[in-house]
Every structure is written in C-alpha cells, then in structure tokens.
Amino acid sequence: MAATLATAAVEATAAVAPGVVLRFVTEGSESAEALRDGSVDLDIGVGDVAAPDIRTAVLYRERMVGIARADSALGRHRRPTLRQLCGHPHVSAPRRGRARGPLDDALDAAGLQRHVAAVVPTFAVAALLVSSSCYVGLVPRRFAEQYGRTLGIRWFPISAALPELEVRLLWHARLDADPAQRWLRETICDALGSPSADNPGGSDRSAE
C-alpha cells in the first residue's frame, strides 16, 4: 500500500503542514498491538482486525489486475485468456506469505495451473521484475495505473471473477477524537477521494 498511497498522502500533508514527517513502516509488520502501544498511528491495508478497541473504515475498494512488459507478447493482448496467462512464468507478491491466492482457485476450476517462478515481498518489487523480464504478475489496479507508463508495463483485467478487495484505515479507539490524528485521517481520505473516516456515512466502526 505504501507505494500506491505515499505520494498522495505526503503531498496532501505537506500542503498544509510542511513540518510534519510521515514515517512508513515495513509492509507486513502490521499488528493491532502496534496500534495499541502507539508505535503505529494508522494502519492502511486489506483485512479486518476483530477487536473492540480498534476502529476501522473502508478507504477504497480495489481490484487486482495483470501486468506484463508493454513490448512483450502478453503485453500486446487487450484481455489475455487464463490459458495465455499460464503460458508465461509468474512473479507473486502474496499477502502474509501465502503461497496461493484467488487466481489459483480460478485456474483450478478451469483445469489450469500457473508456474510461479519468483515470490517477492511487495507489489513494487513484482512490477520492477515484470518490467525487465518476460514474467507476468498481479498488482492492485491503482498501482498499475500510477506506475505502469513509467515502468514500461501494461495492465489488463483478469478473465476470472477475482474478489474485490477493501482497503481499510485502522486506528486505536483512544485516538478517535485526537485533533492531530483526526486531521491526518481526514487528510488521507480527502487525498484519495474517499469518504471521511469520521463521517458516519463513510465508515463502519468495529466497536459499534
């Protein structure tokens, strides 16, 4: 998420509070305890934290898309078939180290199997690898739209009903009314064109 959101968050914050420094922690190190002990102010990502003291709001909804180098055979297809996808080696950036995902389930249902040639820690690394190889990968659509042209990659929809992802904003209940934290939440939501996390019409709080 950092690669997708950092530019919007940093620019929006600097526009009104140039003295504020946003510190992004390593992806994959998220935990409810980090929100409780104050080492992390906000957690942005996919997934729920079922705890009465953790607030959560949907920031935006996202779909995964395929990426390939723009000048590759696959990159010239407008909407490759699942069989065509399986004809190329894949680079995978699994959430929390999971080896399989929804695409593998869709391939199983179609009697197909992909070859995952590389597993990397983030979508950004996956995109860099795709940009310099014949590999194909899956990344969030926002990421592909933001960096595709710069990296020389092309994105395309996947010919399978992959689930939509909810990217959520999480924070600790003690910071609900904290002026600085509330301002940061609103700034990030505004930068992404999302309903405010503090607007009852645009949030769902886990403690309620």
# chains A, B, ... in the order shown; residues from 1 in each chain; ligands from 1

call {"tool": "residues_around", "arguments": {"residues": "segment 70-82 of chain A", "least_positions_apart": "3", "cutoff": "12 Å", "atoms": "only C-alpha atoms", "output": "VMD selection string"}}
result
chain A and resid 65 to 67 85 to 89 103 to 114 127 130 to 137 148 to 161

call {"tool": "residues_around", "arguments": {"residues": "Val125 of chain A", "least_positions_apart": "2", "cutoff": "12 Å", "atoms": "only C-alpha atoms", "output": "compact mmCIF listing (two decimals) with N, CA, C and O atoms, in the first residue's frame"}}
result
# COMPACT_ATOMS: atom_id res chain seq x y z
N ALA A 3 3.54 2.08 -1.61
CA ALA A 3 3.92 2.54 -2.95
C ALA A 3 2.76 3.24 -3.64
O ALA A 3 2.94 4.20 -4.40
N VAL A 91 5.39 -13.88 -11.37
CA VAL A 91 6.02 -13.38 -10.15
C VAL A 91 4.88 -13.08 -9.19
O VAL A 91 3.88 -12.47 -9.56
N SER A 92 5.00 -13.54 -7.96
CA SER A 92 3.92 -13.41 -6.98
C SER A 92 4.38 -12.57 -5.79
O SER A 92 5.51 -12.69 -5.33
N ALA A 93 3.47 -11.71 -5.32
CA ALA A 93 3.72 -10.93 -4.10
C ALA A 93 2.60 -11.24 -3.13
O ALA A 93 1.67 -10.45 -2.94
N PRO A 94 2.62 -12.43 -2.52
CA PRO A 94 1.50 -12.89 -1.70
C PRO A 94 1.36 -12.12 -0.41
O PRO A 94 2.36 -11.69 0.19
N ALA A 118 8.92 -16.74 -9.23
CA ALA A 118 9.55 -15.89 -8.21
C ALA A 118 8.48 -15.40 -7.24
O ALA A 118 7.36 -15.07 -7.64
N VAL A 119 8.85 -15.36 -5.97
CA VAL A 119 7.98 -14.82 -4.92
C VAL A 119 8.72 -13.65 -4.28
O VAL A 119 9.85 -13.81 -3.81
N VAL A 120 8.10 -12.47 -4.28
CA VAL A 120 8.74 -11.25 -3.79
C VAL A 120 7.89 -10.63 -2.69
O VAL A 120 6.71 -10.96 -2.56
N PRO A 121 8.47 -9.74 -1.88
CA PRO A 121 7.74 -9.24 -0.71
C PRO A 121 6.68 -8.18 -0.99
O PRO A 121 5.78 -8.00 -0.18
N THR A 122 6.79 -7.42 -2.09
CA THR A 122 5.84 -6.34 -2.33
C THR A 122 5.45 -6.26 -3.80
O THR A 122 6.16 -6.77 -4.68
N PHE A 123 4.34 -5.58 -4.07
CA PHE A 123 3.90 -5.36 -5.44
C PHE A 123 4.89 -4.50 -6.21
O PHE A 123 5.07 -4.67 -7.42
N ALA A 127 6.48 -5.47 -9.81
CA ALA A 127 6.37 -4.64 -11.00
C ALA A 127 7.75 -4.37 -11.62
O ALA A 127 7.90 -4.37 -12.85
N LEU A 128 8.75 -4.15 -10.80
CA LEU A 128 10.10 -3.93 -11.31
C LEU A 128 10.62 -5.18 -12.02
O LEU A 128 11.27 -5.08 -13.07
N LEU A 129 10.32 -6.34 -11.46
CA LEU A 129 10.76 -7.59 -12.09
C LEU A 129 10.04 -7.81 -13.42
O LEU A 129 10.66 -8.18 -14.42
N VAL A 130 8.73 -7.54 -13.44
CA VAL A 130 7.97 -7.69 -14.68
C VAL A 130 8.48 -6.73 -15.76
O VAL A 130 8.56 -7.08 -16.93
N SER A 131 8.86 -5.53 -15.35
CA SER A 131 9.29 -4.52 -16.31
C SER A 131 10.59 -4.88 -17.02
O SER A 131 10.90 -4.31 -18.08
N SER A 132 11.33 -5.83 -16.46
CA SER A 132 12.62 -6.18 -17.06
C SER A 132 12.72 -7.66 -17.41
O SER A 132 13.82 -8.21 -17.51
N GLY A 137 2.55 -10.65 -13.68
CA GLY A 137 2.24 -10.52 -12.26
C GLY A 137 0.87 -9.96 -12.03
O GLY A 137 0.19 -9.52 -12.98
N LEU A 138 0.44 -9.95 -10.79
CA LEU A 138 -0.82 -9.35 -10.37
C LEU A 138 -0.52 -8.24 -9.37
O LEU A 138 0.26 -8.44 -8.42
N VAL A 139 -1.13 -7.07 -9.59
CA VAL A 139 -0.96 -5.93 -8.69
C VAL A 139 -2.29 -5.21 -8.55
O VAL A 139 -3.18 -5.40 -9.39
N PHE A 143 -2.18 0.82 -8.37
CA PHE A 143 -0.73 0.79 -8.52
C PHE A 143 -0.36 0.73 -9.99
O PHE A 143 0.53 1.43 -10.46
N LEU A 151 7.11 2.55 -15.75
CA LEU A 151 7.88 1.31 -15.72
C LEU A 151 7.86 0.56 -17.05
O LEU A 151 8.55 -0.45 -17.20

call {"tool": "select_by_dssp", "arguments": {"residues": "segment 55-88 of chain A", "states": "helix (DSSP H, G or I)", "output": "ChimeraX atom specification"}}
result
/A:74-76,82-86

call {"tool": "residues_around", "arguments": {"residues": "segment 18-28 of chain A", "least_positions_apart": "2", "cutoff": "12 Å", "atoms": "only C-alpha atoms", "output": "NGL selection string"}}
result
:A and (1-3 or 5-16 or 30-31 or 34 or 39-46 or 93-98 or 121-124 or 180 or 183-184 or 188)

call {"tool": "atom_distance", "arguments": {"atom1": "atom CA of Arg141 of chain A", "atom2": "atom CA of Gln181 of chain A"}}
result
28.2 Å

call {"tool": "select_by_dssp", "arguments": {"residues": "segment 20-188 of chain A", "states": "strand (DSSP E or B)", "output": "ChimeraX atom specification"}}
result
/A:43-46,54-62,64-69,90-92,116-119,136-140,153-156,165-172

call {"tool": "closest_residue", "arguments": {"among": "A:Leu162, A:Met64, A:Ala50, A:Ala57", "to": "Ala144 of chain A", "atoms": "only C-alpha atoms"}}
result
A:Met64
